[in-house]
>>> print(open('entry-v4.txt').read())   # compact mmCIF, C-alpha atoms
# COMPACT_ATOMS: atom_id res chain seq x y z
CA MET C 153 115.95 113.47 116.62
CA ILE C 154 115.21 110.11 115.02
CA SER C 155 117.74 108.66 112.64
CA THR C 156 116.55 106.71 109.65
CA VAL C 157 117.47 103.19 108.62
CA VAL C 158 118.19 102.53 104.98
CA LYS C 159 119.69 99.04 105.28
CA ILE C 160 118.46 95.85 106.93
CA SER C 161 120.37 92.67 107.83
CA VAL C 162 119.33 89.08 107.16
CA SER C 163 118.82 88.22 110.82
CA GLU C 164 116.61 91.26 111.43
CA LEU C 165 114.64 90.66 108.25
CA CYS C 166 114.05 87.01 109.10
CA GLU C 167 112.99 87.84 112.64
CA ARG C 168 110.60 90.68 111.93
CA GLU C 169 109.05 89.23 108.77
CA GLU C 170 109.02 85.69 110.15
CA LEU C 171 110.97 84.43 107.15
CA SER C 172 113.23 81.42 107.16
CA ARG C 173 116.71 81.75 105.67
CA SER C 174 115.81 79.23 102.96
CA LEU C 175 112.78 81.31 101.96
CA LEU C 176 114.97 84.40 101.84
CA VAL C 177 117.37 82.59 99.50
CA GLN C 178 114.40 81.66 97.31
CA LEU C 179 113.26 85.30 97.19
CA VAL C 180 116.74 86.30 96.02
CA GLN C 181 116.86 83.46 93.49
CA TYR C 182 113.56 84.61 92.03
CA GLU C 183 115.02 88.15 91.91
CA ILE C 184 112.24 89.50 94.10
CA ALA C 185 115.01 91.08 96.19
CA ARG C 186 118.69 91.63 95.66
CA PRO C 187 121.20 92.09 98.49
CA VAL C 188 123.19 95.30 98.25
CA ALA C 189 126.14 93.82 100.15
CA GLY C 190 127.46 90.57 101.66
CA SER C 191 129.06 87.53 100.06
CA THR C 192 127.33 84.82 102.11
CA VAL C 193 123.66 84.52 103.05
CA ASP C 194 124.33 85.44 106.67
CA ASP C 195 126.19 88.60 105.62
CA TRP C 196 123.58 89.79 103.16
CA ILE C 197 122.35 93.34 103.59
CA PHE C 198 119.20 94.60 101.87
CA ASP C 199 117.93 98.09 101.34
CA VAL C 200 114.56 98.93 102.83
CA THR C 201 112.90 99.07 99.40
CA SER C 202 113.97 95.46 98.74
CA ALA C 203 112.62 94.47 102.14
CA HIS C 204 109.33 96.15 101.21
CA TRP C 205 109.06 94.03 98.04
CA MET C 206 109.85 90.87 99.98
CA THR C 207 107.06 91.63 102.42
CA ARG C 208 104.64 92.21 99.57
CA ALA C 209 105.74 88.99 97.88
CA VAL C 210 105.19 86.91 101.01
CA ARG C 211 101.79 88.53 101.57
CA LEU C 212 100.68 88.00 97.97
CA ARG C 213 101.75 84.36 97.99
CA ARG C 214 99.79 83.71 101.16
CA ASP C 215 96.68 85.75 100.36
CA LEU C 216 96.31 84.71 96.72
CA ASP C 217 97.55 81.16 97.29
CA ILE C 218 99.88 81.23 94.27
CA ASP C 219 103.31 79.69 93.71
CA TRP C 220 106.63 81.53 93.80
CA VAL C 221 107.01 81.68 90.01
CA ALA C 222 103.68 83.51 89.79
CA VAL C 223 104.65 85.75 92.70
CA ALA C 224 107.97 86.62 91.06
CA MET C 225 106.19 87.51 87.81
CA LEU C 226 103.62 89.55 89.70
CA ILE C 227 106.29 91.48 91.60
CA ASP C 228 108.14 92.11 88.32
CA LEU C 229 104.97 93.50 86.77
CA LEU C 230 104.16 95.63 89.82
CA ARG C 231 107.67 97.11 89.76
CA GLU C 232 107.39 97.73 86.05
CA ARG C 233 104.01 99.40 86.58
CA ASP C 234 105.50 101.67 89.25
CA ARG C 235 108.47 102.50 87.03
CA LEU C 236 106.33 103.27 84.00
CA SER C 237 103.91 105.35 86.02
CA GLN C 238 106.82 107.37 87.43
CA GLU C 239 108.37 107.74 83.98
CA ASN C 240 105.04 108.83 82.55
CA GLU C 241 104.71 111.46 85.28
CA TYR C 242 108.20 112.80 84.49
CA LEU C 243 107.59 112.83 80.73
CA GLN C 244 104.23 114.59 81.10
CA GLN C 245 105.94 117.25 83.17
CA ARG C 246 108.69 117.69 80.56
CA LEU C 247 106.20 117.75 77.72
CA GLY C 248 104.19 120.42 79.52
CA ARG C 249 107.17 122.76 79.37
CA PHE C 250 107.19 122.59 75.56
CA MET C 251 103.43 122.77 75.01
CA ASN C 252 101.28 125.88 74.93
CA ASP C 253 97.71 125.71 76.15
CA GLU C 254 96.35 127.72 73.21
CA ASP C 255 93.98 125.51 71.25
CA ARG C 256 93.94 126.26 67.54
CA GLY C 257 91.90 124.28 65.06
CA PRO C 258 92.85 123.97 61.37
CA ASN C 259 92.50 127.20 59.36
CA MET I 30 77.16 94.61 115.85
CA GLU I 31 76.10 93.77 112.35
CA PHE I 32 75.71 90.19 111.14
CA LYS I 33 78.05 89.40 108.27
CA ASP I 34 76.80 87.12 105.55
CA TYR I 35 80.03 85.56 104.38
CA TYR I 36 78.25 83.77 101.52
CA GLU I 37 76.91 87.06 100.23
CA ILE I 38 80.33 88.70 100.58
CA LEU I 39 81.91 86.00 98.40
CA GLY I 40 78.91 85.86 96.06
CA VAL I 41 78.27 82.12 96.55
CA ALA I 42 75.25 80.06 97.55
CA PRO I 43 75.09 78.81 101.18
CA ASP I 44 75.38 75.23 99.93
CA ALA I 45 78.37 75.91 97.67
CA GLU I 46 81.24 73.41 97.64
CA THR I 47 84.59 74.51 99.13
CA ALA I 48 86.19 74.51 95.66
CA GLU I 49 83.57 76.97 94.42
CA ILE I 50 84.08 79.18 97.47
CA LYS I 51 87.84 79.08 96.95
CA SER I 52 87.45 80.12 93.35
CA ALA I 53 85.19 83.03 94.36
CA TYR I 54 87.67 84.09 97.04
CA ARG I 55 90.58 84.03 94.59
CA LYS I 56 88.75 86.20 92.09
CA LEU I 57 87.81 88.77 94.73
CA ALA I 58 91.24 88.63 96.39
CA ARG I 59 92.81 89.40 93.01
CA LYS I 60 90.34 92.27 92.59
CA TYR I 61 90.73 93.86 96.01
CA HIS I 62 94.17 92.91 97.30
CA PRO I 63 95.74 96.16 98.56
CA ASP I 64 99.10 95.22 97.02
CA LEU I 65 97.46 95.10 93.59
CA ASN I 66 94.83 97.79 93.91
CA ALA I 67 95.58 101.31 95.11
CA GLU I 68 91.92 102.32 95.47
CA LYS I 69 90.88 103.68 98.84
CA ASP I 70 88.28 100.99 99.62
CA ALA I 71 90.36 98.08 98.37
CA GLU I 72 91.87 97.21 101.72
CA ALA I 73 88.53 97.25 103.56
CA ASN I 74 86.95 95.13 100.83
CA PHE I 75 89.84 92.70 100.88
CA LYS I 76 89.65 92.31 104.65
CA GLU I 77 85.99 91.43 104.39
CA VAL I 78 86.60 88.90 101.63
CA ALA I 79 89.58 87.35 103.42
CA GLU I 80 87.60 87.08 106.64
CA ALA I 81 84.77 85.32 104.81
CA TRP I 82 87.27 82.86 103.28
CA GLU I 83 88.94 82.30 106.66
CA VAL I 84 85.60 81.11 108.03
CA LEU I 85 84.19 79.22 105.07
CA LYS I 86 87.35 77.33 104.05
CA ASP I 87 87.39 75.45 107.36
CA LYS I 88 84.75 72.71 107.59
CA ASP I 89 84.25 72.99 111.36
CA ARG I 90 84.28 76.76 111.48
CA ARG I 91 81.85 76.89 108.57
CA ALA I 92 79.52 74.50 110.39
CA GLU I 93 79.56 76.77 113.44
CA TYR I 94 78.91 79.82 111.32
CA ASP I 95 76.04 78.05 109.50
CA GLU I 96 74.51 77.22 112.86
CA LEU I 97 74.55 80.88 113.87
CA ARG I 98 73.15 81.85 110.53
CA ARG I 99 70.25 79.47 111.04
CA TYR I 100 69.88 80.77 114.59
CA GLY I 101 68.76 84.05 113.09
CA GLY I 102 71.67 86.00 111.70
CA LYS I 103 70.51 88.31 108.94
CA PRO I 104 72.82 90.38 106.77
CA HIS I 105 73.06 94.08 107.77
CA HIS I 106 70.97 93.45 110.92
CA ASP I 107 72.08 93.67 114.51
CA PHE I 108 73.41 90.45 115.86
CA GLU I 109 74.49 89.06 119.22
CA PRO I 110 75.77 85.49 119.64
CA PRO I 111 73.37 83.25 121.61
CA PRO I 112 73.88 83.40 125.40
CA GLY I 113 76.72 81.16 126.48
CA TRP I 114 78.04 80.81 122.92
CA GLN I 115 81.57 79.49 122.75
CA SER I 116 83.38 78.52 119.61
CA SER I 117 85.00 75.10 119.59
CA THR I 118 87.18 75.93 116.58
CA GLY I 119 88.78 79.17 117.78
CA ALA I 120 90.64 81.56 115.54
CA GLN I 121 93.75 79.96 114.07
CA HIS I 122 94.37 82.98 111.96
CA GLN I 123 98.06 83.62 111.94
CA HIS I 124 97.95 83.37 108.15
CA PHE I 125 95.41 86.07 107.74
CA SER I 126 96.39 89.46 106.41
CA GLY I 127 94.61 92.15 108.31
CA ASP I 128 92.26 92.72 111.22
CA PHE I 129 89.14 90.77 111.97
CA SER I 130 85.78 92.40 112.40
CA ASP I 131 84.05 92.58 115.78
CA PHE I 132 81.55 90.10 114.36
CA PHE I 133 84.30 87.54 113.71
CA ASN I 134 85.92 88.14 117.09
CA SER I 135 82.65 87.75 118.94
CA ILE I 136 82.02 84.38 117.33
CA PHE I 137 85.46 82.84 117.14
CA GLY I 138 87.14 84.68 119.99
CA GLY I 139 89.87 86.17 117.81
CA GLU I 140 92.16 89.03 118.55
CA PHE I 141 93.60 91.75 116.42
CA THR I 142 96.42 90.70 114.13
CA GLN I 143 98.83 92.92 112.31
CA GLU I 144 99.23 92.84 108.54
CA GLY I 145 99.94 89.14 108.41
CA ARG I 146 103.20 89.49 110.29
CA SER I 147 101.79 89.19 113.73
CA THR I 148 103.48 86.90 116.15
CA SER I 149 100.96 85.23 118.36
CA GLY I 150 103.45 84.08 120.94
CA ALA I 151 103.17 84.21 124.69
CA PHE I 152 104.49 87.78 124.81
CA GLY I 153 101.79 89.50 122.77
CA PHE I 154 101.72 90.97 119.27
CA ARG I 155 104.40 93.03 117.61
CA GLY I 156 103.07 96.50 116.79
CA GLN I 157 101.80 97.27 113.31
CA ASP I 158 104.15 98.80 110.74
CA VAL I 159 102.93 102.11 109.37
CA GLU I 160 103.83 103.67 106.03
CA ILE I 161 103.38 107.33 105.13
CA GLU I 162 104.21 109.36 102.04
CA MET I 163 107.10 111.76 102.59
CA PRO I 164 107.28 114.68 100.16
CA VAL I 165 110.87 115.84 99.66
CA PHE I 166 111.95 118.86 97.62
CA LEU I 167 114.79 118.33 95.14
CA GLU I 168 116.88 120.92 96.99
CA GLU I 169 116.55 118.81 100.13
CA THR I 170 118.30 115.83 98.53
CA ILE I 171 121.68 117.58 98.21
CA ALA I 172 122.62 117.05 101.87
CA ASP I 173 121.10 115.35 104.93
CA VAL I 174 118.02 117.29 105.96
CA VAL I 175 115.96 117.30 109.16
CA LYS I 176 112.22 117.33 108.57
CA PRO I 177 109.27 117.30 110.95
CA ILE I 178 106.64 114.61 110.35
CA GLU I 179 103.21 113.98 111.78
CA TYR I 180 101.28 110.76 111.43
CA GLU I 181 98.58 108.64 113.00
CA LEU I 182 99.16 105.36 114.76
CA PRO I 183 96.48 102.67 115.15
CA ILE I 184 96.28 101.70 118.80
CA VAL I 185 94.13 99.01 120.37
CA GLU I 186 92.83 99.99 123.81
CA LYS I 187 90.41 97.74 125.64
CA GLY I 188 89.58 95.97 122.41
CA GLN I 189 88.79 99.24 120.61
CA LEU I 190 90.78 100.54 117.66
CA ARG I 191 91.81 104.20 118.10
CA HIS I 192 94.18 106.54 116.34
CA LYS I 193 96.82 108.59 118.05
CA ARG I 194 98.74 111.47 116.45
CA LYS I 195 102.49 111.43 116.73
CA SER I 196 105.13 114.02 115.79
CA LEU I 197 108.81 113.39 115.07
CA ARG I 198 111.81 115.16 113.61
CA VAL I 199 113.68 112.86 111.26
CA THR I 200 116.89 113.05 109.28
CA ILE I 201 116.39 112.31 105.61
CA PRO I 202 119.73 111.14 104.19
CA ALA I 203 121.25 112.94 101.20
CA GLY I 204 120.61 111.33 97.83
CA VAL I 205 117.21 109.75 98.52
CA GLY I 206 115.39 108.88 95.32
CA ASP I 207 111.77 109.04 94.25
CA GLY I 208 109.88 105.91 95.40
CA GLU I 209 112.55 104.79 97.86
CA ARG I 210 111.60 103.78 101.36
CA ILE I 211 113.36 104.51 104.59
CA ARG I 212 112.63 103.01 107.91
CA LEU I 213 112.28 104.45 111.40
CA LYS I 214 112.80 101.54 113.72
CA GLY I 215 110.26 101.19 116.51
CA GLN I 216 108.21 104.24 115.49
CA GLY I 217 105.18 102.27 114.30
CA ALA I 218 102.23 101.18 116.43
CA PRO I 219 103.03 99.97 119.95
CA GLY I 220 103.19 96.22 120.52
CA GLN I 221 100.80 94.41 122.81
CA GLY I 222 102.16 93.06 126.06
CA GLU I 223 105.91 92.78 125.95
CA ALA I 224 106.10 92.66 122.17
CA PRO I 225 108.15 95.35 120.39
CA PRO I 226 106.55 98.23 118.47
CA GLY I 227 106.27 98.18 114.69
CA ASP I 228 108.32 100.40 112.39
CA LEU I 229 107.46 103.55 110.50
CA TYR I 230 108.25 103.57 106.79
CA LEU I 231 108.65 106.80 104.87
CA HIS I 232 107.82 106.43 101.19
CA ILE I 233 109.85 109.16 99.55
CA ARG I 234 108.08 111.22 96.89
CA LEU I 235 110.14 113.90 95.21
CA VAL I 236 107.97 116.99 94.77
CA PRO I 237 107.66 118.19 91.14
CA HIS I 238 109.91 121.23 90.71
CA PRO I 239 108.81 124.47 88.98
CA ILE I 240 112.07 124.56 86.94
CA PHE I 241 113.75 121.15 86.97
CA ASP I 242 112.67 117.77 85.64
CA LEU I 243 114.14 114.37 86.43
CA GLU I 244 115.60 111.54 84.39
CA GLY I 245 117.08 109.08 86.87
CA ARG I 246 119.75 111.02 88.77
CA ASN I 247 120.04 113.58 85.96
CA LEU I 248 118.34 116.95 86.19
CA LEU I 249 116.80 118.60 83.16
CA VAL I 250 116.21 122.31 82.84
CA THR I 251 114.31 123.81 79.91
CA VAL I 252 116.08 127.01 78.79
CA PRO I 253 113.97 129.48 76.79
CA VAL I 254 116.07 131.22 74.09
CA ALA I 255 115.22 133.91 71.55
CA PRO I 256 115.35 132.89 67.87
CA TRP I 257 118.42 135.11 67.31
CA GLU I 258 120.18 133.55 70.33
CA ALA I 259 119.62 130.13 68.78
CA ALA I 260 120.79 131.45 65.38
CA LEU I 261 123.79 133.51 66.45
CA GLY I 262 124.80 131.80 69.69
CA ALA I 263 124.69 133.35 73.16
CA LYS I 264 125.86 133.13 76.72
CA VAL I 265 123.01 132.54 79.18
CA THR I 266 122.82 132.07 82.93
CA VAL I 267 121.08 128.85 83.95
CA PRO I 268 119.88 127.91 87.46
CA THR I 269 121.19 124.78 89.16
CA LEU I 270 119.89 123.22 92.38
CA ASP I 271 122.45 125.09 94.45
CA GLY I 272 123.31 128.19 92.40
CA ARG I 273 123.78 129.30 88.81
CA ILE I 274 126.10 128.52 85.92
CA ASN I 275 126.92 130.24 82.63
CA LEU I 276 126.15 128.27 79.53
CA THR I 277 127.37 128.91 75.99
CA ILE I 278 124.82 128.31 73.26
CA SER I 279 126.43 127.56 69.91
CA PRO I 280 125.32 129.38 66.74
CA GLY I 281 122.66 127.42 64.81
CA SER I 282 121.23 125.64 67.88
CA GLN I 283 117.86 123.92 67.62
CA SER I 284 114.85 123.80 69.91
CA GLY I 285 115.04 120.58 71.95
CA GLN I 286 118.84 120.42 71.77
CA LYS I 287 120.42 119.11 74.98
CA LEU I 288 123.58 120.56 76.54
CA ARG I 289 125.24 118.50 79.27
CA VAL I 290 126.75 120.03 82.38
CA LYS I 291 128.65 117.29 84.19
CA GLY I 292 128.12 116.68 87.93
CA LYS I 293 125.31 119.18 88.43
CA GLY I 294 122.52 116.62 88.80
CA LEU I 295 121.16 114.91 91.91
CA VAL I 296 123.34 113.23 94.49
CA GLY I 297 123.22 109.45 93.94
CA LYS I 298 124.65 106.35 95.55
CA THR I 299 127.32 106.10 92.85
CA GLY I 300 128.13 109.80 92.48
CA LYS I 301 126.31 112.82 91.16
CA GLY I 302 124.15 112.89 88.07
CA ASP I 303 124.45 115.54 85.34
CA LEU I 304 122.41 118.59 84.46
CA TYR I 305 120.98 118.76 80.94
CA ALA I 306 119.93 122.14 79.59
CA ILE I 307 117.27 121.68 76.91
CA LEU I 308 116.86 124.64 74.56
CA LYS I 309 113.39 125.91 73.78
CA VAL I 310 113.20 128.60 71.10
CA VAL I 311 110.46 131.09 72.00
CA MET I 312 108.97 133.88 69.91
CA PRO I 313 108.77 137.44 71.23
CA ASP I 314 105.30 138.98 71.73
CA ASN I 315 104.07 142.26 70.21
CA THR I 316 107.19 143.20 68.31
CA GLY I 317 105.71 145.99 66.16
CA PRO I 318 106.01 146.85 62.44
CA GLU I 319 109.79 147.35 62.44
CA VAL I 320 110.59 143.88 63.76
CA GLU I 321 107.91 142.40 61.52
CA GLY I 322 109.65 143.99 58.55
CA LEU I 323 112.94 142.43 59.61
CA TRP I 324 111.30 138.99 59.90
CA LYS I 325 109.95 139.41 56.35
CA LYS I 326 113.41 140.29 55.07
CA LEU I 327 114.82 137.27 56.89
CA SER I 328 112.23 134.93 55.42
CA GLU I 329 113.12 136.11 51.91
CA ALA I 330 116.87 135.94 52.47
CA ALA I 331 116.90 132.55 54.25
CA ALA I 332 114.61 130.73 51.78
CA PHE I 333 114.10 128.14 54.49
CA ASP I 334 111.47 125.39 54.40
CA PRO I 335 111.19 123.89 57.91
CA ARG I 336 108.82 121.15 56.61
CA LYS I 337 111.04 119.92 53.81
CA GLU I 338 111.29 116.53 55.52
CA TRP I 339 107.52 116.01 55.19
CA ARG I 340 107.56 116.76 51.49
CA ASP I 341 110.37 114.27 50.93
CA LYS I 342 108.43 111.57 52.74
CA ARG I 343 105.11 111.91 50.92
>>> encode(input="entry-v4.txt", output="structure tokens")
Amino acid sequence: MISTVVKISVSELCEREELSRSLLVQLVQYEIARPVAGSTVDDWIFDVTSAHWMTRAVRLRRDLDIDWVAVAMLIDLLRERDRLSQENEYLQQRLGRFMNDEDRGPN
Amino acid sequence: MEFKDYYEILGVAPDAETAEIKSAYRKLARKYHPDLNAEKDAEANFKEVAEAWEVLKDKDRRAEYDELRRYGGKPHHDFEPPPGWQSSTGAQHQHFSGDFSDFFNSIFGGEFTQEGRSTSGAFGFRGQDVEIEMPVFLEETIADVVKPIEYELPIVEKGQLRHKRKSLRVTIPAGVGDGERIRLKGQGAPGQGEAPPGDLYLHIRLVPHPIFDLEGRNLLVTVPVAPWEAALGAKVTVPTLDGRINLTISPGSQSGQKLRVKGKGLVGKTGKGDLYAILKVVMPDNTGPEVEGLWKKLSEAAAFDPRKEWRDKR
């Protein structure tokens, strides 16, 4: 049986993503990721979803050659897009329970 | 192996200035970047565009490529580098996101890289991370659940990219939410040489439920009620994720009204959500002349105009 990992430490994140600690601090300052625990940088713990957004941010900055402010805005918009798309899916499902398929034109 | 016309890929003339090429790359990167575009072909298109930029942005590498192009490389035609060809620029591509084509590797002597996170140290390349969608039923979020998964891993053998199927049984922790990711350390593609394997990421997707809807950690259940139940009040049995509860409907209830049942929602990181029962008044079918007569009597006695609000607003 394989156990799952839902949290990731700063040292592991820096090693596997090839991030420096100062870049990690920048990513937190730009609110691209938020630690879920830890009072100092070395103690920070991130959830895997945050780590995923950090990876995307680093990749976007490199591939599109844009600055961190633009990356932070882009990540914000991507998150918002995901959230709205999920909300839309939920609302469509709820709406479907109140709608009947019968199509009646005006009498 | 097919010759790649990097100028054609970026839509620029062969004598274009670097600034013009950069601008073309940026436009196409924005269009095809897999982090911005979920379409199936986006990643392949982006790789092609990024590879073209990798070659054309570097003066020396571009000069080498131009030489080969003059030597007889034609787009979409078979191509082999001239006998004894050796690149003097090599592939300094640790900043490239994705794999290079055979064409690129044959010219610049590159090797596979992994999603921009490759480490090109003396001990080989860390294996590629793999992400798969993991459908989870709402009932499976109440407690830890063991689920079987099957996925494909990209493996490079003798310079060829292959796919290998892998099966695992994994524990999904209680309280996972839609869109969350969980990680299986070391279960991604194997590393090259002594490098460690990549990780497997499970992207959790909660499967739409036939009865329940979601609003954050709260569950919503639409409860059909008869018009007289809404009018006179009733006691109804309502399903929850792990059983049933009895719910009291007050007299004079409306369609769309929400009744809250505390602590019967999804398990969350900060406690359980609530269950909301949403009333939906439904009409009976084929009631016959007797019931129809009673409805007529009711309509006369109630003197009710459900669209009064419209009249007041016009």
>>> residues_around(input="entry-v4.txt", residues="C:Pro187", least_positions_apart="6", cutoff="7 Å", atoms="only C-alpha atoms", output="number ranges by chain")
C: 196-198
>>> closest_residue(input="entry-v4.txt", among="I:Ser52, I:Ser328, I:Asn275, I:Ser135", to="chain C", atoms="only C-alpha atoms")
I:Ser52
>>> interface_residues(input="entry-v4.txt", of="chain I", to="chain C", cutoff="6 Å", atoms="only C-alpha atoms", output="PyMOL selection string")
chain I and resi 198-200+209-213
>>> closest_atom_pairs(input="entry-v4.txt", of="stretch 230-273 of chain I", to="stretch 298-320 of chain I", cutoff="6 Å", atoms="all atoms listed in the file", output="CSV")
residue,atom,partner,partner_atom,distance
I:Arg246,CA,I:Gly302,CA,4.8
I:Asn247,CA,I:Gly302,CA,4.7
I:Leu248,CA,I:Leu304,CA,4.7
I:Leu249,CA,I:Tyr305,CA,4.7
I:Val250,CA,I:Ala306,CA,4.9
I:Thr251,CA,I:Ile307,CA,4.7
I:Val252,CA,I:Leu308,CA,4.9
I:Pro253,CA,I:Lys309,CA,4.7
I:Val254,CA,I:Val310,CA,4.9
I:Ala255,CA,I:Val311,CA,5.6
I:Pro256,CA,I:Val310,CA,5.8
>>> axis_aligned_box(input="entry-v4.txt", around="stretch 305-310 of chain I", padding_each_side="8 Å", output="lines of an AutoDock Vina configuration file")
center_x = 117.1
center_y = 123.7
center_z = 76.0
size_x = 23.8
size_y = 25.8
size_z = 25.8
>>> residues_near_point(input="entry-v4.txt", point="(110.7, 80.6, 87.3)", cutoff="12 Å", atoms="only C-alpha atoms", output="ChimeraX atom specification")
/C:178-179,181-184,219-226,228
>>> write_last_selection(input="entry-v4.txt", atoms="C-alpha atoms", output="CSV table (one decimal), in the frame of the given file")
chain,number,residue,atom,x,y,z
C,178,GLN,CA,114.4,81.7,97.3
C,179,LEU,CA,113.3,85.3,97.2
C,181,GLN,CA,116.9,83.5,93.5
C,182,TYR,CA,113.6,84.6,92.0
C,183,GLU,CA,115.0,88.2,91.9
C,184,ILE,CA,112.2,89.5,94.1
C,219,ASP,CA,103.3,79.7,93.7
C,220,TRP,CA,106.6,81.5,93.8
C,221,VAL,CA,107.0,81.7,90.0
C,222,ALA,CA,103.7,83.5,89.8
C,223,VAL,CA,104.6,85.8,92.7
C,224,ALA,CA,108.0,86.6,91.1
C,225,MET,CA,106.2,87.5,87.8
C,226,LEU,CA,103.6,89.6,89.7
C,228,ASP,CA,108.1,92.1,88.3
>>> residues_around(input="entry-v4.txt", residues="I:Arg91", least_positions_apart="5", cutoff="12 Å", atoms="only C-alpha atoms", output="PyMOL selection string")
chain I and resi 34-36+43-47+50+80-86+96-98+116-119+136-137
>>> write_last_selection(input="entry-v4.txt", atoms="C-alpha atoms", output="short mmCIF file (atom, residue, chain, number, x, y, z; two decimals), in the coordinates of the input")
data_model
loop_
_atom_site.label_atom_id
_atom_site.label_comp_id
_atom_site.auth_asym_id
_atom_site.auth_seq_id
_atom_site.Cartn_x
_atom_site.Cartn_y
_atom_site.Cartn_z
CA ASP I 34 76.80 87.12 105.55
CA TYR I 35 80.03 85.56 104.38
CA TYR I 36 78.25 83.77 101.52
CA PRO I 43 75.09 78.81 101.18
CA ASP I 44 75.38 75.23 99.93
CA ALA I 45 78.37 75.91 97.67
CA GLU I 46 81.24 73.41 97.64
CA THR I 47 84.59 74.51 99.13
CA ILE I 50 84.08 79.18 97.47
CA GLU I 80 87.60 87.08 106.64
CA ALA I 81 84.77 85.32 104.81
CA TRP I 82 87.27 82.86 103.28
CA GLU I 83 88.94 82.30 106.66
CA VAL I 84 85.60 81.11 108.03
CA LEU I 85 84.19 79.22 105.07
CA LYS I 86 87.35 77.33 104.05
CA GLU I 96 74.51 77.22 112.86
CA LEU I 97 74.55 80.88 113.87
CA ARG I 98 73.15 81.85 110.53
CA SER I 116 83.38 78.52 119.61
CA SER I 117 85.00 75.10 119.59
CA THR I 118 87.18 75.93 116.58
CA GLY I 119 88.78 79.17 117.78
CA ILE I 136 82.02 84.38 117.33
CA PHE I 137 85.46 82.84 117.14
#
>>> atom_distance(input="entry-v4.txt", atom1="atom CA of I:Asp107", atom2="atom CA of I:Met30")
5.3 Å
>>> atom_distance(input="entry-v4.txt", atom1="atom CA of I:Asp87", atom2="atom CA of I:Lys187")
29.0 Å
